[in-house]
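Enquirer: I am attaching a structure below and will ask some questions about it afterwards.
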Amino acid sequence: MLDTTSVSPRALLARRKPGFSLEQAFYTSQEIFDLDLEAIFFRTWIYVGVEPDVPDEGDVMVVDIGRASVLILRDDDGEIRAFHNVCRHRGARIVHDEKSSVGKLVCKYHAWTYDLDGKLLRAEHMGADFDTSCHGLKPVHLKSVEGLLFICLADEAPADIDDLAEKMGPYLKPHAIRDTKVAHQVDLIELGNWKITMENNRECYHCAGNHPELTIPLFEYGFGFSPESMDETKAKEAHRYECMVDDLHGEWEGSGFPSKEIDHLDDRVTGFRTQRLPIDRAGESQTLDTKVASTKLLGELTEAKMGGLSFWTQPNSWHHFMSDHIVTFSVIPLSPDRTLLRTKWLVHKDAVEGVDYDLKRLTEVWIATNDQDGTLVGYQHSGVKSPAYEPGPYSPYTEGLVEKFVNWYCLRLADHLG
Ligand code: FES
Ligand SMILES: [Fe+2]
């Protein structure tokens, strides 16, 4: 067994073996967890929610990342802004509920009152010389990528988010996130390190054996496969999938819906990947019968069989855009062995529950899948902390994107450590 308890993060990074899972300390040590927050979560773009989380003026959402708490709000002009949720008086947290609606932001402690653009409006008993203009809320970088909200807590945010937005715009636009509403949200606490949650998401090696619901609409082959280890039935299925991707990409791209893969998962600071994937059987949506869950299609879409546009970002999100609904996932580290997976289901803003969609049909595939993944993450974490653990090899066929995630992570950490 490799003893990682006394080795510095820099030395651990230097001896990392490409193509293998990380050494134990990366998943279990408090020191590396703290470093992950500093080097990754406080420096890169983090996906936190969607514009429809704050649909009206005065709507506020609180997102906590480690010791940081951030307010995402829609101001009186309809613009979405982000601020540190820290009062400029003596530092009290200002907003406490995850979602609320306010006229002004009033700190409960001594009632300092801020406008929705962050300006300090009122602070009693501070004297005539007190300058309110020096005590506004501290802004946080915010970027809306077609309605998906990313924040960056660094003083200087990585500029390559603009390139991501430009490349992703044509893919995401047809699904019109801004014209949706959050129909449901589930917060799941997984008993594992956040990197284990992310690794789990970046492969479908485990899908056939663990996700009976998800593998109804989704092909396990979308993440790669080894042709040699397949029996005749599986090989036929993989071939059918590859033909389907070719045909459907031609069809979709021909009618103006970008579908081809873009992969920048480990060659830039703001890593991402996208591809429109076919949906099996009826081909419409990630539901148990693979038909749309909401009869009100998104945006200007008129065709239900649009497949599932997948969008993955480093370090903490993935998303599936169908013709009728969108599912978004964000990962927030809580401690070395606890991770928040926040899932939101979006439908057309005018869709009526019980008329246009049934909440159970809409959510059942991913509620089941997340629970199964949560269990697997717990299994891995509990084994990784054992004295017997040592890094194991990733499949070159089915775990290429896991390797890209880990590679991206190591590059960011190395960059931070200098
Ligand atoms: S700490 Fe907020 S008003 Fe005093
Ligand atoms: Fe899974």
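Every chain in the structure tokens takes a letter, A first, then B, and so on in the order presented; its residues are numbered from 1, and the ligands are numbered from 1 following the presented order.
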Show which residues sit within 12 Å of Thr180 (chain A), as a ChimeraX atom specification. Count only C-alpha atoms, and ignore same-chain residues fewer than 3 positions away.
Expert: /A:50-55,146-148,175-177,183-184,294,296-299,321,323-327,344-352
Enquirer: Extract, using only C-alpha atoms, all DNA, RNA and protein residues at most 12 Å from region 397-403 of chain A, discarding same-chain residues fewer than 3 positions from it, and format them as a compact mmCIF listing (two decimals) with all heavy atoms, in the first residue's frame.
Expert:
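The result, stored in part.txt:
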# COMPACT_ATOMS: atom_id res chain seq x y z
N ARG A 16 1.76 11.24 -9.82
CA ARG A 16 0.50 10.70 -10.32
C ARG A 16 0.72 9.85 -11.58
O ARG A 16 1.47 10.24 -12.48
CB ARG A 16 -0.46 11.84 -10.65
CG ARG A 16 -1.74 11.34 -11.23
CD ARG A 16 -2.50 12.37 -12.05
NE ARG A 16 -3.45 11.68 -12.89
CZ ARG A 16 -3.75 12.05 -14.13
NH1 ARG A 16 -3.19 13.10 -14.66
NH2 ARG A 16 -4.62 11.36 -14.82
N LYS A 17 0.05 8.72 -11.63
CA LYS A 17 0.19 7.82 -12.77
C LYS A 17 -0.99 8.05 -13.71
O LYS A 17 -2.13 7.72 -13.36
CB LYS A 17 0.15 6.38 -12.25
CG LYS A 17 1.20 5.47 -12.82
CD LYS A 17 1.38 4.27 -11.93
CE LYS A 17 1.25 2.98 -12.69
NZ LYS A 17 1.27 1.81 -11.84
N PRO A 18 -0.75 8.62 -14.90
CA PRO A 18 -1.86 8.84 -15.83
C PRO A 18 -2.59 7.52 -16.12
O PRO A 18 -1.96 6.46 -16.17
CB PRO A 18 -1.19 9.38 -17.09
CG PRO A 18 0.10 9.94 -16.63
CD PRO A 18 0.53 9.10 -15.45
N GLY A 19 -3.91 7.61 -16.29
CA GLY A 19 -4.69 6.40 -16.59
C GLY A 19 -5.10 5.62 -15.37
O GLY A 19 -5.72 4.56 -15.48
N PHE A 20 -4.77 6.13 -14.19
CA PHE A 20 -5.13 5.45 -12.94
C PHE A 20 -5.93 6.39 -12.05
O PHE A 20 -5.78 7.62 -12.14
CB PHE A 20 -3.86 5.02 -12.19
CG PHE A 20 -3.24 3.77 -12.74
CD1 PHE A 20 -2.59 3.79 -13.96
CD2 PHE A 20 -3.34 2.58 -12.05
CE1 PHE A 20 -2.02 2.63 -14.48
CE2 PHE A 20 -2.78 1.41 -12.56
CZ PHE A 20 -2.11 1.44 -13.78
N SER A 21 -6.74 5.81 -11.17
CA SER A 21 -7.43 6.63 -10.19
C SER A 21 -6.40 7.28 -9.27
O SER A 21 -5.23 6.90 -9.26
CB SER A 21 -8.44 5.80 -9.39
OG SER A 21 -7.80 4.74 -8.71
N LEU A 22 -6.85 8.29 -8.53
CA LEU A 22 -5.91 9.08 -7.72
C LEU A 22 -5.50 8.33 -6.46
O LEU A 22 -6.17 7.38 -6.04
CB LEU A 22 -6.58 10.40 -7.34
CG LEU A 22 -6.84 11.35 -8.50
CD1 LEU A 22 -7.82 12.45 -8.08
CD2 LEU A 22 -5.54 11.95 -9.03
N LYS A 195 -14.86 14.32 -6.04
CA LYS A 195 -14.22 13.82 -7.27
C LYS A 195 -14.74 12.42 -7.62
O LYS A 195 -14.78 12.05 -8.78
CB LYS A 195 -12.69 13.82 -7.09
CG LYS A 195 -12.13 15.23 -6.92
CD LYS A 195 -10.62 15.27 -6.90
CE LYS A 195 -10.00 14.74 -5.62
NZ LYS A 195 -10.23 15.61 -4.44
N ILE A 196 -15.17 11.69 -6.60
CA ILE A 196 -15.75 10.37 -6.86
C ILE A 196 -17.13 10.55 -7.50
O ILE A 196 -17.49 9.82 -8.45
CB ILE A 196 -15.82 9.55 -5.54
CG1 ILE A 196 -14.39 9.18 -5.12
CG2 ILE A 196 -16.71 8.32 -5.69
CD1 ILE A 196 -14.28 8.36 -3.84
N THR A 197 -17.88 11.54 -7.05
CA THR A 197 -19.16 11.86 -7.70
C THR A 197 -18.95 12.22 -9.16
O THR A 197 -19.67 11.76 -10.05
CB THR A 197 -19.84 13.04 -6.96
OG1 THR A 197 -20.10 12.64 -5.61
CG2 THR A 197 -21.14 13.45 -7.63
N MET A 198 -17.92 13.03 -9.43
CA MET A 198 -17.66 13.44 -10.81
C MET A 198 -17.16 12.28 -11.66
O MET A 198 -17.58 12.11 -12.81
CB MET A 198 -16.63 14.59 -10.83
CG MET A 198 -17.13 15.89 -10.25
SD MET A 198 -18.62 16.53 -11.07
CE MET A 198 -18.01 16.84 -12.72
N GLU A 199 -16.28 11.47 -11.09
CA GLU A 199 -15.78 10.31 -11.84
C GLU A 199 -16.93 9.39 -12.24
O GLU A 199 -17.01 8.89 -13.36
CB GLU A 199 -14.77 9.51 -11.00
CG GLU A 199 -13.44 10.18 -10.80
CD GLU A 199 -12.45 9.25 -10.09
OE1 GLU A 199 -12.46 8.04 -10.34
OE2 GLU A 199 -11.66 9.75 -9.26
N ASN A 200 -17.83 9.20 -11.28
CA ASN A 200 -18.98 8.33 -11.55
C ASN A 200 -19.81 8.85 -12.72
O ASN A 200 -20.30 8.09 -13.55
CB ASN A 200 -19.85 8.24 -10.28
CG ASN A 200 -21.19 7.58 -10.56
OD1 ASN A 200 -22.17 8.24 -10.86
ND2 ASN A 200 -21.23 6.27 -10.46
N ASN A 201 -19.92 10.19 -12.79
CA ASN A 201 -20.72 10.77 -13.88
C ASN A 201 -20.04 10.64 -15.23
O ASN A 201 -20.70 10.68 -16.27
CB ASN A 201 -21.01 12.25 -13.61
CG ASN A 201 -21.56 12.95 -14.83
OD1 ASN A 201 -20.84 13.67 -15.55
ND2 ASN A 201 -22.80 12.68 -15.14
N ARG A 202 -18.72 10.52 -15.26
CA ARG A 202 -18.00 10.60 -16.53
C ARG A 202 -17.82 9.26 -17.23
O ARG A 202 -16.95 9.13 -18.10
CB ARG A 202 -16.65 11.32 -16.32
CG ARG A 202 -16.81 12.77 -15.84
CD ARG A 202 -17.46 13.63 -16.89
NE ARG A 202 -18.29 14.70 -16.38
CZ ARG A 202 -17.94 15.98 -16.25
NH1 ARG A 202 -16.73 16.36 -16.55
NH2 ARG A 202 -18.82 16.88 -15.83
N GLU A 203 -18.57 8.27 -16.81
CA GLU A 203 -18.50 6.99 -17.52
C GLU A 203 -19.84 6.26 -17.42
O GLU A 203 -20.64 6.54 -16.54
CB GLU A 203 -17.36 6.13 -16.95
CG GLU A 203 -17.33 6.01 -15.41
CD GLU A 203 -18.05 4.81 -14.85
OE1 GLU A 203 -18.64 4.03 -15.63
OE2 GLU A 203 -18.02 4.66 -13.61
N CYS A 204 -20.00 5.34 -18.39
CA CYS A 204 -21.23 4.54 -18.38
C CYS A 204 -20.87 3.05 -18.32
O CYS A 204 -21.65 2.19 -18.68
CB CYS A 204 -22.10 4.87 -19.60
SG CYS A 204 -23.87 4.88 -19.26
N TYR A 205 -19.63 2.79 -17.88
CA TYR A 205 -19.14 1.42 -17.66
C TYR A 205 -20.10 0.72 -16.70
O TYR A 205 -20.39 -0.47 -16.83
CB TYR A 205 -17.75 1.56 -17.04
CG TYR A 205 -16.83 0.36 -16.99
CD1 TYR A 205 -15.51 0.54 -16.56
CD2 TYR A 205 -17.24 -0.90 -17.37
CE1 TYR A 205 -14.63 -0.52 -16.48
CE2 TYR A 205 -16.35 -1.97 -17.30
CZ TYR A 205 -15.05 -1.77 -16.85
OH TYR A 205 -14.18 -2.81 -16.78
N HIS A 206 -20.60 1.52 -15.74
CA HIS A 206 -21.44 0.93 -14.69
C HIS A 206 -22.92 0.95 -15.05
O HIS A 206 -23.74 0.47 -14.27
CB HIS A 206 -21.22 1.69 -13.36
CG HIS A 206 -21.77 3.10 -13.38
ND1 HIS A 206 -21.06 4.18 -13.84
CD2 HIS A 206 -22.98 3.58 -13.00
CE1 HIS A 206 -21.81 5.27 -13.75
NE2 HIS A 206 -22.97 4.94 -13.23
N CYS A 207 -23.28 1.52 -16.19
CA CYS A 207 -24.71 1.76 -16.47
C CYS A 207 -25.51 0.46 -16.60
O CYS A 207 -26.55 0.30 -15.96
CB CYS A 207 -24.88 2.59 -17.73
SG CYS A 207 -24.45 4.33 -17.48
N GLU A 220 -25.62 2.80 -23.41
CA GLU A 220 -24.39 2.79 -22.62
C GLU A 220 -23.16 3.05 -23.50
O GLU A 220 -22.09 3.36 -23.01
CB GLU A 220 -24.23 1.45 -21.87
CG GLU A 220 -24.19 0.27 -22.83
CD GLU A 220 -23.96 -1.07 -22.13
OE1 GLU A 220 -22.95 -1.22 -21.45
OE2 GLU A 220 -24.83 -1.96 -22.29
N TYR A 221 -23.31 2.92 -24.83
CA TYR A 221 -22.15 3.01 -25.72
C TYR A 221 -21.72 4.45 -26.01
O TYR A 221 -20.69 4.67 -26.64
CB TYR A 221 -22.46 2.30 -27.05
CG TYR A 221 -23.01 0.92 -26.82
CD1 TYR A 221 -24.36 0.65 -27.04
CD2 TYR A 221 -22.18 -0.08 -26.32
CE1 TYR A 221 -24.87 -0.61 -26.80
CE2 TYR A 221 -22.69 -1.33 -26.06
CZ TYR A 221 -24.04 -1.60 -26.31
OH TYR A 221 -24.55 -2.84 -26.05
N GLY A 222 -22.53 5.41 -25.56
CA GLY A 222 -22.22 6.82 -25.83
C GLY A 222 -20.91 7.27 -25.22
O GLY A 222 -20.37 8.31 -25.60
N PHE A 223 -20.38 6.52 -24.27
CA PHE A 223 -19.13 6.91 -23.60
C PHE A 223 -17.97 6.02 -24.05
O PHE A 223 -16.92 6.05 -23.44
CB PHE A 223 -19.29 6.80 -22.08
CG PHE A 223 -20.16 7.87 -21.47
CD1 PHE A 223 -21.54 7.85 -21.66
CD2 PHE A 223 -19.61 8.87 -20.69
CE1 PHE A 223 -22.34 8.82 -21.09
CE2 PHE A 223 -20.39 9.84 -20.12
CZ PHE A 223 -21.77 9.82 -20.32
N GLY A 224 -18.18 5.21 -25.06
CA GLY A 224 -17.12 4.34 -25.56
C GLY A 224 -17.30 2.89 -25.11
O GLY A 224 -18.00 2.62 -24.15
N PHE A 225 -16.64 1.98 -25.84
CA PHE A 225 -16.74 0.55 -25.52
C PHE A 225 -15.57 -0.18 -26.13
O PHE A 225 -14.91 0.34 -27.03
CB PHE A 225 -18.07 -0.02 -26.04
CG PHE A 225 -18.30 0.27 -27.50
CD1 PHE A 225 -17.76 -0.55 -28.49
CD2 PHE A 225 -19.05 1.39 -27.88
CE1 PHE A 225 -17.96 -0.26 -29.83
CE2 PHE A 225 -19.24 1.67 -29.24
CZ PHE A 225 -18.70 0.86 -30.20
N SER A 226 -15.32 -1.37 -25.61
CA SER A 226 -14.24 -2.18 -26.17
C SER A 226 -14.84 -3.23 -27.08
O SER A 226 -15.55 -4.12 -26.63
CB SER A 226 -13.47 -2.86 -25.03
OG SER A 226 -12.80 -3.99 -25.53
N PRO A 227 -14.58 -3.14 -28.39
CA PRO A 227 -15.20 -4.08 -29.32
C PRO A 227 -14.82 -5.54 -29.03
O PRO A 227 -15.65 -6.43 -29.16
CB PRO A 227 -14.69 -3.66 -30.69
CG PRO A 227 -13.88 -2.44 -30.51
CD PRO A 227 -13.68 -2.19 -29.05
N GLU A 228 -13.56 -5.78 -28.59
CA GLU A 228 -13.10 -7.17 -28.38
C GLU A 228 -13.85 -7.90 -27.29
O GLU A 228 -14.02 -9.11 -27.33
CB GLU A 228 -11.61 -7.25 -28.02
CG GLU A 228 -10.65 -6.60 -28.95
CD GLU A 228 -10.28 -5.21 -28.47
OE1 GLU A 228 -9.53 -5.11 -27.50
OE2 GLU A 228 -10.76 -4.24 -29.07
N SER A 229 -14.30 -7.14 -26.26
CA SER A 229 -14.89 -7.86 -25.14
C SER A 229 -16.42 -8.00 -25.28
O SER A 229 -17.11 -8.29 -24.33
CB SER A 229 -14.52 -7.18 -23.83
OG SER A 229 -14.92 -5.83 -23.86
N ASP A 263 -15.18 18.55 -27.63
CA ASP A 263 -14.57 18.07 -26.38
C ASP A 263 -13.36 18.93 -26.01
O ASP A 263 -12.34 18.92 -26.70
CB ASP A 263 -14.15 16.60 -26.55
CG ASP A 263 -13.59 16.02 -25.25
OD1 ASP A 263 -13.22 16.80 -24.34
OD2 ASP A 263 -13.51 14.79 -25.14
N HIS A 264 -13.54 19.72 -24.96
CA HIS A 264 -12.43 20.50 -24.41
C HIS A 264 -12.33 20.20 -22.91
O HIS A 264 -12.20 21.11 -22.10
CB HIS A 264 -12.66 22.00 -24.63
CG HIS A 264 -12.49 22.43 -26.04
ND1 HIS A 264 -11.28 22.33 -26.70
CD2 HIS A 264 -13.36 22.95 -26.93
CE1 HIS A 264 -11.42 22.78 -27.94
NE2 HIS A 264 -12.67 23.15 -28.10
N LEU A 265 -12.46 18.92 -22.56
CA LEU A 265 -12.54 18.60 -21.13
C LEU A 265 -11.24 18.82 -20.37
O LEU A 265 -11.27 19.07 -19.17
CB LEU A 265 -13.01 17.15 -20.94
CG LEU A 265 -14.53 16.95 -21.07
CD1 LEU A 265 -14.88 15.49 -21.00
CD2 LEU A 265 -15.30 17.73 -20.00
N ASP A 266 -10.09 18.69 -21.04
CA ASP A 266 -8.86 18.90 -20.26
C ASP A 266 -7.82 19.73 -20.98
O ASP A 266 -6.65 19.69 -20.62
CB ASP A 266 -8.27 17.56 -19.77
CG ASP A 266 -7.80 16.68 -20.92
OD1 ASP A 266 -8.05 17.02 -22.09
OD2 ASP A 266 -7.16 15.65 -20.65
N GLY A 271 -13.12 23.78 -18.74
CA GLY A 271 -13.27 22.58 -19.55
C GLY A 271 -14.74 22.22 -19.76
O GLY A 271 -15.55 22.34 -18.86
N PHE A 272 -15.06 21.75 -20.99
CA PHE A 272 -16.43 21.34 -21.25
C PHE A 272 -16.48 20.35 -22.42
O PHE A 272 -15.52 20.21 -23.17
CB PHE A 272 -17.34 22.54 -21.54
CG PHE A 272 -17.10 23.19 -22.90
CD1 PHE A 272 -17.93 22.91 -23.97
CD2 PHE A 272 -16.04 24.05 -23.08
CE1 PHE A 272 -17.71 23.49 -25.23
CE2 PHE A 272 -15.81 24.65 -24.33
CZ PHE A 272 -16.65 24.37 -25.39
N ARG A 273 -17.63 19.70 -22.56
CA ARG A 273 -17.86 18.77 -23.67
C ARG A 273 -19.35 18.79 -23.98
O ARG A 273 -20.17 18.95 -23.06
CB ARG A 273 -17.42 17.37 -23.29
CG ARG A 273 -17.71 16.31 -24.35
CD ARG A 273 -17.14 14.95 -23.94
NE ARG A 273 -17.33 13.97 -24.99
CZ ARG A 273 -18.26 13.01 -24.96
NH1 ARG A 273 -19.06 12.89 -23.92
NH2 ARG A 273 -18.36 12.16 -25.96
N TRP A 312 -21.38 18.78 -20.52
CA TRP A 312 -20.62 18.49 -19.30
C TRP A 312 -19.66 19.65 -19.05
O TRP A 312 -19.03 20.13 -20.01
CB TRP A 312 -19.77 17.23 -19.48
CG TRP A 312 -20.50 15.96 -19.73
CD1 TRP A 312 -20.87 15.03 -18.79
CD2 TRP A 312 -20.92 15.40 -21.00
NE1 TRP A 312 -21.48 13.95 -19.39
CE2 TRP A 312 -21.54 14.15 -20.74
CE3 TRP A 312 -20.85 15.85 -22.31
CZ2 TRP A 312 -22.05 13.35 -21.76
CZ3 TRP A 312 -21.38 15.06 -23.33
CH2 TRP A 312 -21.97 13.82 -23.04
N THR A 313 -19.52 20.11 -17.83
CA THR A 313 -18.51 21.13 -17.54
C THR A 313 -17.63 20.67 -16.38
O THR A 313 -18.06 19.95 -15.49
CB THR A 313 -19.11 22.51 -17.19
OG1 THR A 313 -19.69 22.47 -15.88
CG2 THR A 313 -20.16 22.95 -18.20
N GLN A 314 -16.37 21.12 -16.43
CA GLN A 314 -15.44 20.92 -15.31
C GLN A 314 -15.56 22.14 -14.40
O GLN A 314 -15.62 23.25 -14.94
CB GLN A 314 -13.99 20.81 -15.79
CG GLN A 314 -13.75 19.87 -16.94
CD GLN A 314 -13.85 18.39 -16.61
OE1 GLN A 314 -14.75 18.00 -15.86
NE2 GLN A 314 -12.99 17.59 -17.21
N PRO A 315 -15.57 22.06 -13.11
CA PRO A 315 -15.41 20.81 -12.37
C PRO A 315 -16.71 20.21 -11.86
O PRO A 315 -16.67 19.17 -11.22
CB PRO A 315 -14.61 21.29 -11.14
CG PRO A 315 -15.17 22.67 -10.87
CD PRO A 315 -15.51 23.24 -12.23
N GLY A 392 -6.28 2.26 -9.13
CA GLY A 392 -6.52 1.21 -10.11
C GLY A 392 -6.64 1.79 -11.51
O GLY A 392 -6.86 2.99 -11.67
N PRO A 393 -6.49 0.94 -12.54
CA PRO A 393 -6.46 1.43 -13.93
C PRO A 393 -7.86 1.74 -14.49
O PRO A 393 -8.80 0.99 -14.27
CB PRO A 393 -5.86 0.23 -14.69
CG PRO A 393 -6.28 -0.97 -13.88
CD PRO A 393 -6.34 -0.53 -12.44
N TYR A 394 -7.94 2.85 -15.20
CA TYR A 394 -9.18 3.18 -15.91
C TYR A 394 -9.22 2.39 -17.21
O TYR A 394 -8.17 2.16 -17.85
CB TYR A 394 -9.23 4.67 -16.27
CG TYR A 394 -9.31 5.61 -15.09
CD1 TYR A 394 -8.52 6.76 -15.04
CD2 TYR A 394 -10.20 5.39 -14.04
CE1 TYR A 394 -8.60 7.64 -13.98
CE2 TYR A 394 -10.27 6.27 -12.97
CZ TYR A 394 -9.47 7.40 -12.95
OH TYR A 394 -9.54 8.27 -11.90
N VAL A 406 -9.90 13.78 -14.23
CA VAL A 406 -8.81 13.71 -13.25
C VAL A 406 -7.60 14.50 -13.76
O VAL A 406 -6.94 15.21 -12.99
CB VAL A 406 -8.46 12.23 -12.96
CG1 VAL A 406 -7.18 12.12 -12.15
CG2 VAL A 406 -9.60 11.56 -12.20
N ASN A 407 -7.35 14.40 -15.06
CA ASN A 407 -6.25 15.15 -15.65
C ASN A 407 -6.47 16.66 -15.51
O ASN A 407 -5.58 17.40 -15.10
CB ASN A 407 -6.12 14.76 -17.13
CG ASN A 407 -4.77 15.14 -17.69
OD1 ASN A 407 -3.76 15.05 -16.99
ND2 ASN A 407 -4.75 15.61 -18.93
N TRP A 408 -7.69 17.09 -15.83
CA TRP A 408 -8.03 18.52 -15.69
C TRP A 408 -7.83 18.96 -14.25
O TRP A 408 -7.22 20.01 -13.97
CB TRP A 408 -9.49 18.75 -16.12
CG TRP A 408 -9.95 20.17 -15.97
CD1 TRP A 408 -9.87 21.17 -16.90
CD2 TRP A 408 -10.54 20.77 -14.80
NE1 TRP A 408 -10.38 22.34 -16.39
CE2 TRP A 408 -10.80 22.12 -15.11
CE3 TRP A 408 -10.89 20.29 -13.53
CZ2 TRP A 408 -11.38 23.01 -14.19
CZ3 TRP A 408 -11.47 21.17 -12.62
CH2 TRP A 408 -11.71 22.51 -12.95
N TYR A 409 -8.31 18.14 -13.32
CA TYR A 409 -8.20 18.45 -11.89
C TYR A 409 -6.72 18.61 -11.49
O TYR A 409 -6.34 19.58 -10.82
CB TYR A 409 -8.88 17.33 -11.09
CG TYR A 409 -8.50 17.31 -9.63
CD1 TYR A 409 -9.09 18.20 -8.73
CD2 TYR A 409 -7.55 16.40 -9.14
CE1 TYR A 409 -8.74 18.19 -7.39
CE2 TYR A 409 -7.19 16.39 -7.81
CZ TYR A 409 -7.78 17.28 -6.94
OH TYR A 409 -7.42 17.28 -5.62
N CYS A 410 -5.89 17.67 -11.91
CA CYS A 410 -4.47 17.71 -11.54
C CYS A 410 -3.78 18.94 -12.15
O CYS A 410 -2.94 19.57 -11.51
CB CYS A 410 -3.76 16.43 -11.97
SG CYS A 410 -4.29 15.01 -11.00
Enquirer: Between CA of Ile262 (chain A) and CA of Lys167 (chain A), what is the distance in Å, rounded to a tenth?
Expert: 8.7 Å
Enquirer: What does the list of residues within 8 Å of ligand 1 look like if you count only C-alpha atoms and all ligand atoms, written as a PyMOL selection string?
Expert: chain A and resi 86-94+106-113+123
Enquirer: Could you list, as number ranges by chain, every residue within 8 Å of Gly58 (chain A), counting only C-alpha atoms and ignoring same-chain residues fewer than 3 positions away?
Expert: A: 73-76, 101-104, 116
Enquirer: Can you write out the residues you just picked, keeping all heavy atoms, as a short mmCIF file (atom, residue, chain, number, x, y, z; two decimals), in the first residue's frame?
Expert:
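This is the output file part_2.cif:
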data_model
loop_
_atom_site.label_atom_id
_atom_site.label_comp_id
_atom_site.auth_asym_id
_atom_site.auth_seq_id
_atom_site.Cartn_x
_atom_site.Cartn_y
_atom_site.Cartn_z
N LEU A 73 -29.33 37.05 -7.56
CA LEU A 73 -30.63 37.73 -7.51
C LEU A 73 -30.96 38.43 -8.81
O LEU A 73 -30.09 38.71 -9.63
CB LEU A 73 -30.66 38.73 -6.34
CG LEU A 73 -29.61 39.83 -6.28
CD1 LEU A 73 -29.99 40.99 -7.16
CD2 LEU A 73 -29.51 40.30 -4.83
N ARG A 74 -32.26 38.69 -8.98
CA ARG A 74 -32.70 39.45 -10.15
C ARG A 74 -33.04 40.85 -9.66
O ARG A 74 -33.87 41.01 -8.77
CB ARG A 74 -33.92 38.79 -10.81
CG ARG A 74 -34.18 39.31 -12.23
CD ARG A 74 -35.35 38.60 -12.87
NE ARG A 74 -35.07 37.25 -13.30
CZ ARG A 74 -34.64 36.92 -14.53
NH1 ARG A 74 -34.41 37.86 -15.42
NH2 ARG A 74 -34.45 35.65 -14.85
N ASP A 75 -32.36 41.85 -10.22
CA ASP A 75 -32.56 43.21 -9.72
C ASP A 75 -33.82 43.83 -10.31
O ASP A 75 -34.56 43.19 -11.07
CB ASP A 75 -31.30 44.07 -9.93
CG ASP A 75 -31.08 44.46 -11.38
OD1 ASP A 75 -32.00 44.27 -12.22
OD2 ASP A 75 -29.98 44.96 -11.69
N ASP A 76 -34.06 45.12 -9.97
CA ASP A 76 -35.30 45.78 -10.40
C ASP A 76 -35.37 45.98 -11.90
O ASP A 76 -36.44 46.23 -12.45
CB ASP A 76 -35.43 47.14 -9.69
CG ASP A 76 -35.66 46.94 -8.20
OD1 ASP A 76 -36.27 45.93 -7.83
OD2 ASP A 76 -35.21 47.78 -7.41
N SER A 101 -37.93 36.08 -1.82
CA SER A 101 -38.24 37.24 -2.66
C SER A 101 -38.18 38.46 -1.77
O SER A 101 -38.79 38.47 -0.71
CB SER A 101 -39.66 37.10 -3.21
OG SER A 101 -39.58 36.73 -4.54
N VAL A 102 -37.47 39.49 -2.20
CA VAL A 102 -37.29 40.66 -1.34
C VAL A 102 -37.50 41.95 -2.14
O VAL A 102 -37.38 41.96 -3.37
CB VAL A 102 -35.87 40.69 -0.71
CG1 VAL A 102 -35.62 39.45 0.13
CG2 VAL A 102 -34.79 40.85 -1.77
N GLY A 103 -37.79 43.04 -1.41
CA GLY A 103 -37.81 44.37 -2.03
C GLY A 103 -36.40 44.93 -1.97
O GLY A 103 -35.82 45.37 -2.96
N LYS A 104 -35.83 44.88 -0.77
CA LYS A 104 -34.44 45.28 -0.54
C LYS A 104 -33.79 44.14 0.27
O LYS A 104 -34.49 43.33 0.87
CB LYS A 104 -34.36 46.57 0.29
CG LYS A 104 -35.19 47.71 -0.26
CD LYS A 104 -34.45 48.47 -1.33
CE LYS A 104 -35.29 49.58 -1.93
NZ LYS A 104 -35.53 49.43 -3.37
N LEU A 116 -30.99 46.12 -4.66
CA LEU A 116 -30.75 44.88 -5.38
C LEU A 116 -29.55 44.98 -6.34
O LEU A 116 -29.12 43.99 -6.90
CB LEU A 116 -32.00 44.45 -6.14
CG LEU A 116 -33.21 44.13 -5.24
CD1 LEU A 116 -34.41 43.72 -6.09
CD2 LEU A 116 -32.89 43.02 -4.24
#
Enquirer: Would you pick out the contacts of Leu340 (chain A) at 7 Å or less, using only C-alpha atoms, so that residues sharing its chain but fewer than 2 positions from it are not included, and give the list as a list in words?
Expert: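 Non-adjacent residues within range: Asp187, Leu188, Ile189, Glu190, Val331, Ile332, Pro333, Leu334, Arg338 and Arg342 of chain A.
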Enquirer: Limited to C-alpha atoms, could you put the picked residues into a file as a PDB file, in the first residue's frame?
Expert:
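Final output, selection-v3.pdb:
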ATOM      1  CA  ASP A 187     -30.757  17.737  -3.149  1.00  0.00           C
ATOM      2  CA  LEU A 188     -28.966  14.452  -2.584  1.00  0.00           C
ATOM      3  CA  ILE A 189     -26.051  14.133  -0.178  1.00  0.00           C
ATOM      4  CA  GLU A 190     -23.669  11.486  -1.460  1.00  0.00           C
ATOM      5  CA  VAL A 331     -21.951  19.099  -7.563  1.00  0.00           C
ATOM      6  CA  ILE A 332     -20.871  20.975  -4.435  1.00  0.00           C
ATOM      7  CA  PRO A 333     -18.250  19.550  -2.050  1.00  0.00           C
ATOM      8  CA  LEU A 334     -19.351  19.598   1.612  1.00  0.00           C
ATOM      9  CA  ARG A 338     -19.808  14.309   1.723  1.00  0.00           C
ATOM     10  CA  ARG A 342     -28.393  19.171  -6.735  1.00  0.00           C
TER      11      ARG A 342
END
Enquirer: Which region 49-98 of chain A residues have any atom within 9 Å of an atom of region 31-43 of chain A, and for each, what is the nearest pair of atoms with distance in Å to one decimal, counting only C-alpha atoms, rows sorted by chain and number, as a Markdown table?
Expert:
| residue | atom | partner | partner_atom | distance |
| --- | --- | --- | --- | --- |
| A:Ile65 | CA | A:Phe41 | CA | 7.5 |
| A:Gly66 | CA | A:Leu37 | CA | 6.8 |
| A:Ala68 | CA | A:Phe42 | CA | 8.6 |
Enquirer: Could you save the residues just selected, with N, CA and C atoms, as a short mmCIF file (atom, residue, chain, number, x, y, z; two decimals), in the first residue's frame?
Expert:
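Contents of part.cif, freshly written:
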data_model
loop_
_atom_site.label_atom_id
_atom_site.label_comp_id
_atom_site.auth_asym_id
_atom_site.auth_seq_id
_atom_site.Cartn_x
_atom_site.Cartn_y
_atom_site.Cartn_z
N ILE A 65 -20.80 27.58 -1.17
CA ILE A 65 -19.68 26.76 -1.67
C ILE A 65 -18.58 26.84 -0.63
N GLY A 66 -18.38 25.74 0.09
CA GLY A 66 -17.40 25.77 1.18
C GLY A 66 -17.77 26.87 2.16
N ALA A 68 -17.80 29.97 1.50
CA ALA A 68 -18.40 31.11 0.79
C ALA A 68 -19.90 30.93 0.66
#
